[in-house]
$ cat work_24.txt   # compact mmCIF, N, CA, C and O atoms
# COMPACT_ATOMS: atom_id res chain seq x y z
N ALA A 1 13.15 -10.72 8.97
CA ALA A 1 14.46 -10.14 8.73
C ALA A 1 15.54 -11.21 8.72
O ALA A 1 16.50 -11.11 7.97
N ARG A 2 15.36 -12.25 9.53
CA ARG A 2 16.37 -13.32 9.57
C ARG A 2 16.43 -14.13 8.28
O ARG A 2 17.42 -14.78 8.01
N ALA A 3 15.37 -14.07 7.47
CA ALA A 3 15.35 -14.81 6.20
C ALA A 3 16.09 -14.07 5.09
O ALA A 3 16.43 -14.67 4.08
N LEU A 4 16.38 -12.79 5.29
CA LEU A 4 17.08 -12.00 4.27
C LEU A 4 18.57 -12.33 4.25
O LEU A 4 19.17 -12.59 5.28
N GLY A 5 19.13 -12.28 3.07
CA GLY A 5 20.56 -12.48 2.93
C GLY A 5 21.30 -11.20 3.27
O GLY A 5 20.69 -10.14 3.47
N PRO A 6 22.63 -11.25 3.33
CA PRO A 6 23.43 -10.05 3.61
C PRO A 6 23.09 -8.93 2.63
O PRO A 6 22.97 -9.16 1.44
N GLY A 7 22.87 -7.72 3.15
CA GLY A 7 22.54 -6.58 2.33
C GLY A 7 21.10 -6.60 1.84
O GLY A 7 20.73 -5.79 1.00
N GLY A 8 20.26 -7.51 2.36
CA GLY A 8 18.88 -7.64 1.91
C GLY A 8 18.03 -6.44 2.29
O GLY A 8 18.43 -5.59 3.09
N ARG A 9 16.86 -6.37 1.69
CA ARG A 9 15.97 -5.23 1.89
C ARG A 9 14.58 -5.73 2.25
O ARG A 9 14.02 -6.58 1.57
N LEU A 10 14.01 -5.19 3.31
CA LEU A 10 12.64 -5.48 3.72
C LEU A 10 11.81 -4.25 3.41
O LEU A 10 12.15 -3.15 3.85
N VAL A 11 10.75 -4.42 2.61
CA VAL A 11 9.88 -3.31 2.25
C VAL A 11 8.53 -3.52 2.92
O VAL A 11 7.88 -4.54 2.71
N ASN A 12 8.11 -2.56 3.74
CA ASN A 12 6.83 -2.63 4.41
C ASN A 12 5.79 -1.95 3.53
O ASN A 12 5.92 -0.78 3.21
N LEU A 13 4.76 -2.72 3.13
CA LEU A 13 3.75 -2.21 2.21
C LEU A 13 2.40 -1.97 2.86
O LEU A 13 1.45 -1.68 2.18
N GLY A 14 2.29 -2.14 4.13
CA GLY A 14 0.99 -1.94 4.76
C GLY A 14 1.02 -2.37 6.21
O GLY A 14 2.06 -2.78 6.72
N SER A 15 -0.12 -2.30 6.83
CA SER A 15 -0.16 -2.62 8.25
C SER A 15 -1.22 -3.67 8.56
O SER A 15 -1.76 -3.70 9.66
N SER A 16 -1.55 -4.53 7.60
CA SER A 16 -2.59 -5.54 7.85
C SER A 16 -2.18 -6.51 8.95
O SER A 16 -3.04 -7.10 9.59
N ALA A 17 -0.89 -6.67 9.19
CA ALA A 17 -0.44 -7.56 10.26
C ALA A 17 -0.32 -6.82 11.59
O ALA A 17 0.00 -7.43 12.60
N GLY A 18 -0.55 -5.53 11.58
CA GLY A 18 -0.48 -4.76 12.82
C GLY A 18 0.21 -3.43 12.59
O GLY A 18 0.85 -3.20 11.57
N GLU A 19 0.05 -2.56 13.56
CA GLU A 19 0.64 -1.22 13.46
C GLU A 19 2.13 -1.19 13.75
O GLU A 19 2.83 -0.27 13.36
N THR A 20 2.63 -2.18 14.47
CA THR A 20 4.05 -2.20 14.79
C THR A 20 4.72 -3.41 14.14
O THR A 20 4.07 -4.42 13.85
N SER A 21 6.01 -3.29 13.93
CA SER A 21 6.78 -4.37 13.34
C SER A 21 8.10 -4.48 14.09
O SER A 21 9.10 -3.87 13.70
N PRO A 22 8.11 -5.23 15.17
CA PRO A 22 9.35 -5.33 15.95
C PRO A 22 10.44 -6.08 15.18
O PRO A 22 10.19 -7.14 14.61
N LEU A 23 11.60 -5.48 15.13
CA LEU A 23 12.75 -6.09 14.47
C LEU A 23 13.91 -6.13 15.45
O LEU A 23 14.17 -5.17 16.17
N ASP A 24 14.62 -7.24 15.44
CA ASP A 24 15.79 -7.39 16.29
C ASP A 24 16.94 -6.59 15.68
O ASP A 24 17.38 -6.88 14.57
N SER A 25 17.41 -5.59 16.40
CA SER A 25 18.43 -4.71 15.83
C SER A 25 19.73 -5.44 15.53
O SER A 25 20.44 -5.09 14.59
N SER A 26 20.05 -6.48 16.28
CA SER A 26 21.29 -7.21 15.99
C SER A 26 21.19 -7.94 14.65
O SER A 26 22.19 -8.08 13.94
N THR A 27 19.99 -8.39 14.29
CA THR A 27 19.80 -9.02 12.97
C THR A 27 20.01 -8.01 11.86
O THR A 27 20.68 -8.29 10.86
N LEU A 28 19.46 -6.80 12.03
CA LEU A 28 19.66 -5.75 11.03
C LEU A 28 21.13 -5.42 10.86
O LEU A 28 21.63 -5.32 9.73
N ARG A 29 21.83 -5.24 11.97
CA ARG A 29 23.24 -4.84 11.91
C ARG A 29 24.13 -5.96 11.38
O ARG A 29 25.01 -5.73 10.56
N SER A 30 23.90 -7.19 11.84
CA SER A 30 24.81 -8.29 11.47
C SER A 30 24.78 -8.62 9.99
O SER A 30 25.74 -9.15 9.45
N ARG A 31 23.67 -8.30 9.32
CA ARG A 31 23.56 -8.58 7.89
C ARG A 31 23.53 -7.32 7.04
O ARG A 31 23.29 -7.40 5.84
N SER A 32 23.72 -6.17 7.66
CA SER A 32 23.66 -4.88 6.94
C SER A 32 22.36 -4.77 6.14
O SER A 32 22.37 -4.46 4.95
N LEU A 33 21.24 -5.03 6.80
CA LEU A 33 19.94 -5.02 6.14
C LEU A 33 19.39 -3.61 6.03
O LEU A 33 19.78 -2.72 6.77
N ARG A 34 18.43 -3.44 5.10
CA ARG A 34 17.74 -2.17 4.93
C ARG A 34 16.25 -2.39 5.13
O ARG A 34 15.70 -3.40 4.69
N VAL A 35 15.61 -1.43 5.77
CA VAL A 35 14.16 -1.49 5.98
C VAL A 35 13.57 -0.24 5.34
O VAL A 35 13.99 0.87 5.64
N LEU A 36 12.61 -0.44 4.43
CA LEU A 36 11.96 0.67 3.73
C LEU A 36 10.46 0.62 3.95
O LEU A 36 9.88 -0.45 4.01
N GLY A 37 9.86 1.77 4.04
CA GLY A 37 8.42 1.86 4.09
C GLY A 37 7.93 2.42 2.76
O GLY A 37 8.60 3.23 2.13
N TYR A 38 6.76 1.98 2.31
CA TYR A 38 6.22 2.45 1.04
C TYR A 38 4.73 2.71 1.19
O TYR A 38 4.03 1.95 1.85
N THR A 39 4.26 3.76 0.56
CA THR A 39 2.83 4.03 0.51
C THR A 39 2.47 4.62 -0.84
O THR A 39 3.22 5.42 -1.39
N ASN A 40 1.33 4.21 -1.36
CA ASN A 40 0.83 4.81 -2.60
C ASN A 40 0.32 6.22 -2.37
O ASN A 40 0.10 6.96 -3.32
N ASN A 41 0.10 6.57 -1.12
CA ASN A 41 -0.43 7.91 -0.81
C ASN A 41 0.53 9.02 -1.24
O ASN A 41 0.11 10.16 -1.38
N ALA A 42 1.80 8.70 -1.44
CA ALA A 42 2.77 9.71 -1.84
C ALA A 42 2.70 10.02 -3.34
O ALA A 42 3.29 10.98 -3.79
N LEU A 43 1.97 9.20 -4.10
CA LEU A 43 1.86 9.41 -5.54
C LEU A 43 0.86 10.52 -5.84
O LEU A 43 -0.17 10.63 -5.19
N THR A 44 1.16 11.28 -6.87
CA THR A 44 0.18 12.27 -7.34
C THR A 44 -0.91 11.52 -8.11
O THR A 44 -0.72 10.35 -8.49
N ARG A 45 -2.00 12.19 -8.38
CA ARG A 45 -3.09 11.57 -9.16
C ARG A 45 -2.57 11.13 -10.53
O ARG A 45 -2.91 10.06 -11.02
N GLU A 46 -1.72 11.94 -11.15
CA GLU A 46 -1.17 11.62 -12.47
C GLU A 46 -0.24 10.40 -12.40
O GLU A 46 -0.27 9.53 -13.27
N GLU A 47 0.62 10.36 -11.37
CA GLU A 47 1.53 9.22 -11.22
C GLU A 47 0.75 7.93 -10.99
O GLU A 47 1.08 6.88 -11.54
N ARG A 48 -0.30 8.01 -10.20
CA ARG A 48 -1.12 6.83 -9.94
C ARG A 48 -1.80 6.35 -11.23
O ARG A 48 -1.81 5.17 -11.53
N ALA A 49 -2.36 7.27 -12.02
CA ALA A 49 -3.01 6.91 -13.28
C ALA A 49 -2.00 6.30 -14.25
O ALA A 49 -2.31 5.31 -14.93
N GLU A 50 -0.81 6.86 -14.31
CA GLU A 50 0.23 6.32 -15.18
C GLU A 50 0.62 4.91 -14.76
O GLU A 50 0.79 4.02 -15.59
N SER A 51 0.75 4.69 -13.47
CA SER A 51 1.11 3.36 -12.96
C SER A 51 0.04 2.34 -13.28
O SER A 51 0.34 1.22 -13.72
N VAL A 52 -1.21 2.70 -13.05
CA VAL A 52 -2.32 1.79 -13.34
C VAL A 52 -2.38 1.47 -14.83
O VAL A 52 -2.56 0.31 -15.23
N ALA A 53 -2.20 2.47 -15.68
CA ALA A 53 -2.21 2.25 -17.13
C ALA A 53 -1.07 1.33 -17.55
O ALA A 53 -1.26 0.42 -18.38
N HIS A 54 0.09 1.53 -16.97
CA HIS A 54 1.25 0.69 -17.29
C HIS A 54 0.98 -0.77 -16.90
O HIS A 54 1.21 -1.69 -17.68
N LEU A 55 0.47 -0.98 -15.69
CA LEU A 55 0.21 -2.34 -15.22
C LEU A 55 -0.90 -3.01 -16.02
O LEU A 55 -0.84 -4.20 -16.30
N ALA A 56 -1.92 -2.24 -16.39
CA ALA A 56 -3.03 -2.79 -17.16
C ALA A 56 -2.58 -3.27 -18.54
O ALA A 56 -3.18 -4.19 -19.10
N ALA A 57 -1.52 -2.69 -19.08
CA ALA A 57 -1.03 -3.06 -20.40
C ALA A 57 -0.16 -4.32 -20.37
O ALA A 57 0.12 -4.90 -21.42
N LEU A 58 0.24 -4.76 -19.19
CA LEU A 58 1.11 -5.93 -19.07
C LEU A 58 0.30 -7.21 -18.98
O LEU A 58 -0.83 -7.22 -18.52
N ASP A 59 0.90 -8.29 -19.42
CA ASP A 59 0.29 -9.62 -19.28
C ASP A 59 0.96 -10.29 -18.09
O ASP A 59 1.91 -11.06 -18.25
N LEU A 60 0.47 -9.97 -16.91
CA LEU A 60 1.07 -10.49 -15.68
C LEU A 60 0.41 -11.80 -15.27
O LEU A 60 -0.81 -11.91 -15.26
N THR A 61 1.24 -12.77 -14.96
CA THR A 61 0.73 -14.03 -14.44
C THR A 61 1.56 -14.43 -13.24
O THR A 61 2.75 -14.08 -13.15
N VAL A 62 0.97 -15.15 -12.34
CA VAL A 62 1.66 -15.66 -11.17
C VAL A 62 1.38 -17.16 -11.09
O VAL A 62 0.21 -17.57 -11.05
N ALA A 63 2.44 -17.95 -11.11
CA ALA A 63 2.26 -19.39 -10.97
C ALA A 63 1.63 -19.65 -9.61
O ALA A 63 2.11 -19.16 -8.59
N HIS A 64 0.52 -20.39 -9.62
CA HIS A 64 -0.16 -20.66 -8.37
C HIS A 64 -0.87 -22.00 -8.42
O HIS A 64 -1.08 -22.57 -9.48
N GLU A 65 -1.20 -22.45 -7.24
CA GLU A 65 -1.91 -23.73 -7.08
C GLU A 65 -3.05 -23.50 -6.11
O GLU A 65 -2.84 -23.02 -5.00
N ARG A 66 -4.26 -23.82 -6.52
CA ARG A 66 -5.43 -23.68 -5.65
C ARG A 66 -5.54 -24.93 -4.78
O ARG A 66 -5.53 -26.05 -5.30
N VAL A 67 -5.66 -24.72 -3.47
CA VAL A 67 -5.72 -25.83 -2.53
C VAL A 67 -6.91 -25.62 -1.59
O VAL A 67 -7.03 -24.53 -1.01
N PRO A 68 -7.76 -26.63 -1.42
CA PRO A 68 -8.86 -26.49 -0.46
C PRO A 68 -8.31 -26.26 0.96
O PRO A 68 -7.26 -26.78 1.32
N LEU A 69 -9.02 -25.46 1.73
CA LEU A 69 -8.57 -25.09 3.06
C LEU A 69 -8.26 -26.31 3.93
O LEU A 69 -7.28 -26.31 4.67
N ASP A 70 -9.04 -27.36 3.79
CA ASP A 70 -8.81 -28.54 4.64
C ASP A 70 -7.55 -29.32 4.25
O ASP A 70 -7.16 -30.25 4.94
N ARG A 71 -6.88 -28.92 3.16
CA ARG A 71 -5.62 -29.57 2.76
C ARG A 71 -4.44 -28.60 2.88
O ARG A 71 -3.37 -28.84 2.33
N ALA A 72 -4.63 -27.51 3.63
CA ALA A 72 -3.59 -26.48 3.77
C ALA A 72 -2.32 -27.03 4.41
O ALA A 72 -1.22 -26.75 3.95
N ALA A 73 -2.45 -27.81 5.46
CA ALA A 73 -1.26 -28.33 6.16
C ALA A 73 -0.37 -29.13 5.22
O ALA A 73 0.85 -28.94 5.18
N ALA A 74 -0.97 -30.03 4.44
CA ALA A 74 -0.19 -30.84 3.50
C ALA A 74 0.45 -29.97 2.42
O ALA A 74 1.60 -30.18 2.02
N ALA A 75 -0.29 -28.95 1.95
CA ALA A 75 0.26 -28.06 0.93
C ALA A 75 1.44 -27.27 1.47
O ALA A 75 2.45 -27.09 0.78
N TRP A 76 1.33 -26.79 2.70
CA TRP A 76 2.44 -26.03 3.29
C TRP A 76 3.66 -26.91 3.51
O TRP A 76 4.79 -26.48 3.34
N GLU A 77 3.43 -28.17 3.89
CA GLU A 77 4.56 -29.10 4.05
C GLU A 77 5.24 -29.32 2.70
O GLU A 77 6.47 -29.34 2.61
N ARG A 78 4.44 -29.49 1.65
CA ARG A 78 4.99 -29.66 0.30
C ARG A 78 5.76 -28.42 -0.13
O ARG A 78 6.84 -28.51 -0.72
N GLN A 79 5.22 -27.24 0.20
CA GLN A 79 5.90 -25.99 -0.13
C GLN A 79 7.24 -25.89 0.59
O GLN A 79 8.24 -25.52 -0.01
N ALA A 80 7.25 -26.23 1.87
CA ALA A 80 8.49 -26.18 2.65
C ALA A 80 9.55 -27.13 2.09
O ALA A 80 10.74 -26.85 2.17
N ALA A 81 9.09 -28.23 1.50
CA ALA A 81 10.01 -29.20 0.90
C ALA A 81 10.39 -28.85 -0.53
O ALA A 81 11.18 -29.55 -1.16
N GLY A 82 9.83 -27.75 -1.04
CA GLY A 82 10.18 -27.31 -2.40
C GLY A 82 9.34 -27.95 -3.49
O GLY A 82 9.69 -27.87 -4.66
N GLY A 83 8.21 -28.56 -3.12
CA GLY A 83 7.41 -29.27 -4.11
C GLY A 83 6.15 -28.56 -4.56
O GLY A 83 5.33 -29.16 -5.24
N ALA A 84 5.98 -27.30 -4.19
CA ALA A 84 4.75 -26.57 -4.59
C ALA A 84 4.92 -25.98 -5.99
O ALA A 84 6.02 -25.61 -6.39
N GLU A 85 3.82 -25.88 -6.70
CA GLU A 85 3.81 -25.26 -8.03
C GLU A 85 3.54 -23.77 -7.89
O GLU A 85 2.41 -23.33 -8.04
N GLY A 86 4.52 -22.98 -7.57
CA GLY A 86 4.34 -21.54 -7.38
C GLY A 86 3.68 -21.22 -6.05
O GLY A 86 3.89 -21.93 -5.07
N ARG A 87 2.86 -20.20 -6.03
CA ARG A 87 2.18 -19.77 -4.81
C ARG A 87 1.03 -20.72 -4.48
O ARG A 87 0.41 -21.28 -5.36
N ILE A 88 0.77 -20.86 -3.18
CA ILE A 88 -0.37 -21.67 -2.75
C ILE A 88 -1.49 -20.71 -2.40
O ILE A 88 -1.33 -19.80 -1.59
N VAL A 89 -2.65 -20.92 -3.03
CA VAL A 89 -3.83 -20.11 -2.77
C VAL A 89 -4.87 -21.01 -2.10
O VAL A 89 -5.31 -21.99 -2.69
N LEU A 90 -5.21 -20.66 -0.87
CA LEU A 90 -6.19 -21.47 -0.14
C LEU A 90 -7.59 -21.08 -0.57
O LEU A 90 -7.94 -19.91 -0.62
N VAL A 91 -8.41 -22.09 -0.87
CA VAL A 91 -9.77 -21.88 -1.33
C VAL A 91 -10.72 -22.28 -0.21
O VAL A 91 -10.67 -23.39 0.30
N VAL A 92 -11.57 -21.33 0.17
CA VAL A 92 -12.52 -21.58 1.26
C VAL A 92 -13.84 -22.02 0.67
O VAL A 92 -14.32 -21.51 -0.29
$ encode --input "work_24.txt" --output "structure tokens"
Amino acid sequence: ARALGPGGRLVNLGSSAGETSPLDSSTLRSRSLRVLGYTNNALTREERAESVAHLAALDLTVAHERVPLDRAAAAWERQAAGGAEGRIVLVV
């Protein structure tokens, strides 16, 4: 939440990091932040099919760089300095 700019929005898409998500209320208030939860379970079968069809028709790409796991530290340092080529994908 502290990384968001004023009026920023945090969207929770799952619970892989845990069932709870503690947030400092002063951070939320001081920046007028919004927190939203999202689940695909709210979609009807038709809405889900339409969404999948729409996404399948797109040519989506994500700039990324494959990095061996033993070079993760150096890659993260480069990313922090702004020198990474898109997302870093660790290869095991």
$ closest_residue --input "work_24.txt" --among "A:Ala57, A:Val11, A:Val89, A:Val62" --to "Tyr38 in chain A" --atoms "only N, CA, C and O atoms"
A:Val11
$ closest_residue --input "work_24.txt" --among "A:Leu36, A:Gly7, A:Ala63, A:Ile88" --to "Trp76 in chain A" --atoms "all atoms listed in the file"
A:Ile88
$ select_by_dssp --input "work_24.txt" --residues "chain A" --states "alpha helix (DSSP H)" --output "PyMOL selection string"
chain A and resi 25-30+45-56+72-80
$ axis_aligned_box --input "work_24.txt" --around "range 56-73 of chain A" --padding-each-side "6 Å" --output "AutoDock Vina command-line options"
--center_x -3.1 --center_y -16.2 --center_z -7.6 --size_x 23.8 --size_y 40.0 --size_z 39.6
$ atom_distance --input "work_24.txt" --atom1 "CA of Glu77 in chain A" --atom2 "CA of Ala3 in chain A"
18.0 Å
$ atom_distance --input "work_24.txt" --atom1 "atom N of Ala1 in chain A" --atom2 "atom N of Arg29 in chain A"
10.7 Å
$ residues_around --input "work_24.txt" --residues "range 81-85 of chain A" --least-positions-apart "6" --cutoff "9 Å" --atoms "only C-alpha atoms" --output "PDB file with N, CA, C and O atoms, keeping the file's coordinate frame"
ATOM      1  N   ALA A  63       2.440 -17.950 -11.110  1.00  0.00           N
ATOM      2  CA  ALA A  63       2.260 -19.390 -10.970  1.00  0.00           C
ATOM      3  C   ALA A  63       1.630 -19.650  -9.610  1.00  0.00           C
ATOM      4  O   ALA A  63       2.110 -19.160  -8.590  1.00  0.00           O
ATOM      5  N   HIS A  64       0.520 -20.390  -9.620  1.00  0.00           N
ATOM      6  CA  HIS A  64      -0.160 -20.660  -8.370  1.00  0.00           C
ATOM      7  C   HIS A  64      -0.870 -22.000  -8.420  1.00  0.00           C
ATOM      8  O   HIS A  64      -1.080 -22.570  -9.480  1.00  0.00           O
ATOM      9  N   GLU A  65      -1.200 -22.450  -7.240  1.00  0.00           N
ATOM     10  CA  GLU A  65      -1.910 -23.730  -7.080  1.00  0.00           C
ATOM     11  C   GLU A  65      -3.050 -23.500  -6.110  1.00  0.00           C
ATOM     12  O   GLU A  65      -2.840 -23.020  -5.000  1.00  0.00           O
ATOM     13  N   ALA A  75      -0.290 -28.950   1.950  1.00  0.00           N
ATOM     14  CA  ALA A  75       0.260 -28.060   0.930  1.00  0.00           C
ATOM     15  C   ALA A  75       1.440 -27.270   1.470  1.00  0.00           C
ATOM     16  O   ALA A  75       2.450 -27.090   0.780  1.00  0.00           O
TER      17      ALA A  75
END
$ select_by_dssp --input "work_24.txt" --residues "chain A" --states "strand (DSSP E or B)" --output "ChimeraX atom specification"
/A:9-12,34-37,64-68,87-91
$ atom_distance --input "work_24.txt" --atom1 "atom O of Arg2 in chain A" --atom2 "atom N of Ser21 in chain A"
17.2 Å
$ closest_residue --input "work_24.txt" --among "A:Leu4, A:Leu90, A:Leu33, A:Leu43" --to "Asp70 in chain A" --atoms "only N, CA, C and O atoms"
A:Leu90
$ closest_residue --input "work_24.txt" --among "A:Leu23, A:Val91, A:Ala53, A:Leu13" --to "Arg66 in chain A" --atoms "only C-alpha atoms"
A:Val91
$ residues_near_point --input "work_24.txt" --point "(5.2, -0.4, 6.1)" --cutoff "4.5 Å" --atoms "only N, CA, C and O atoms" --output "PyMOL selection string"
chain A and resi 12-14+37
$ closest_residue --input "work_24.txt" --among "A:Val92, A:Ser16, A:Pro22, A:Thr27" --to "Pro68 in chain A" --atoms "only C-alpha atoms"
A:Val92
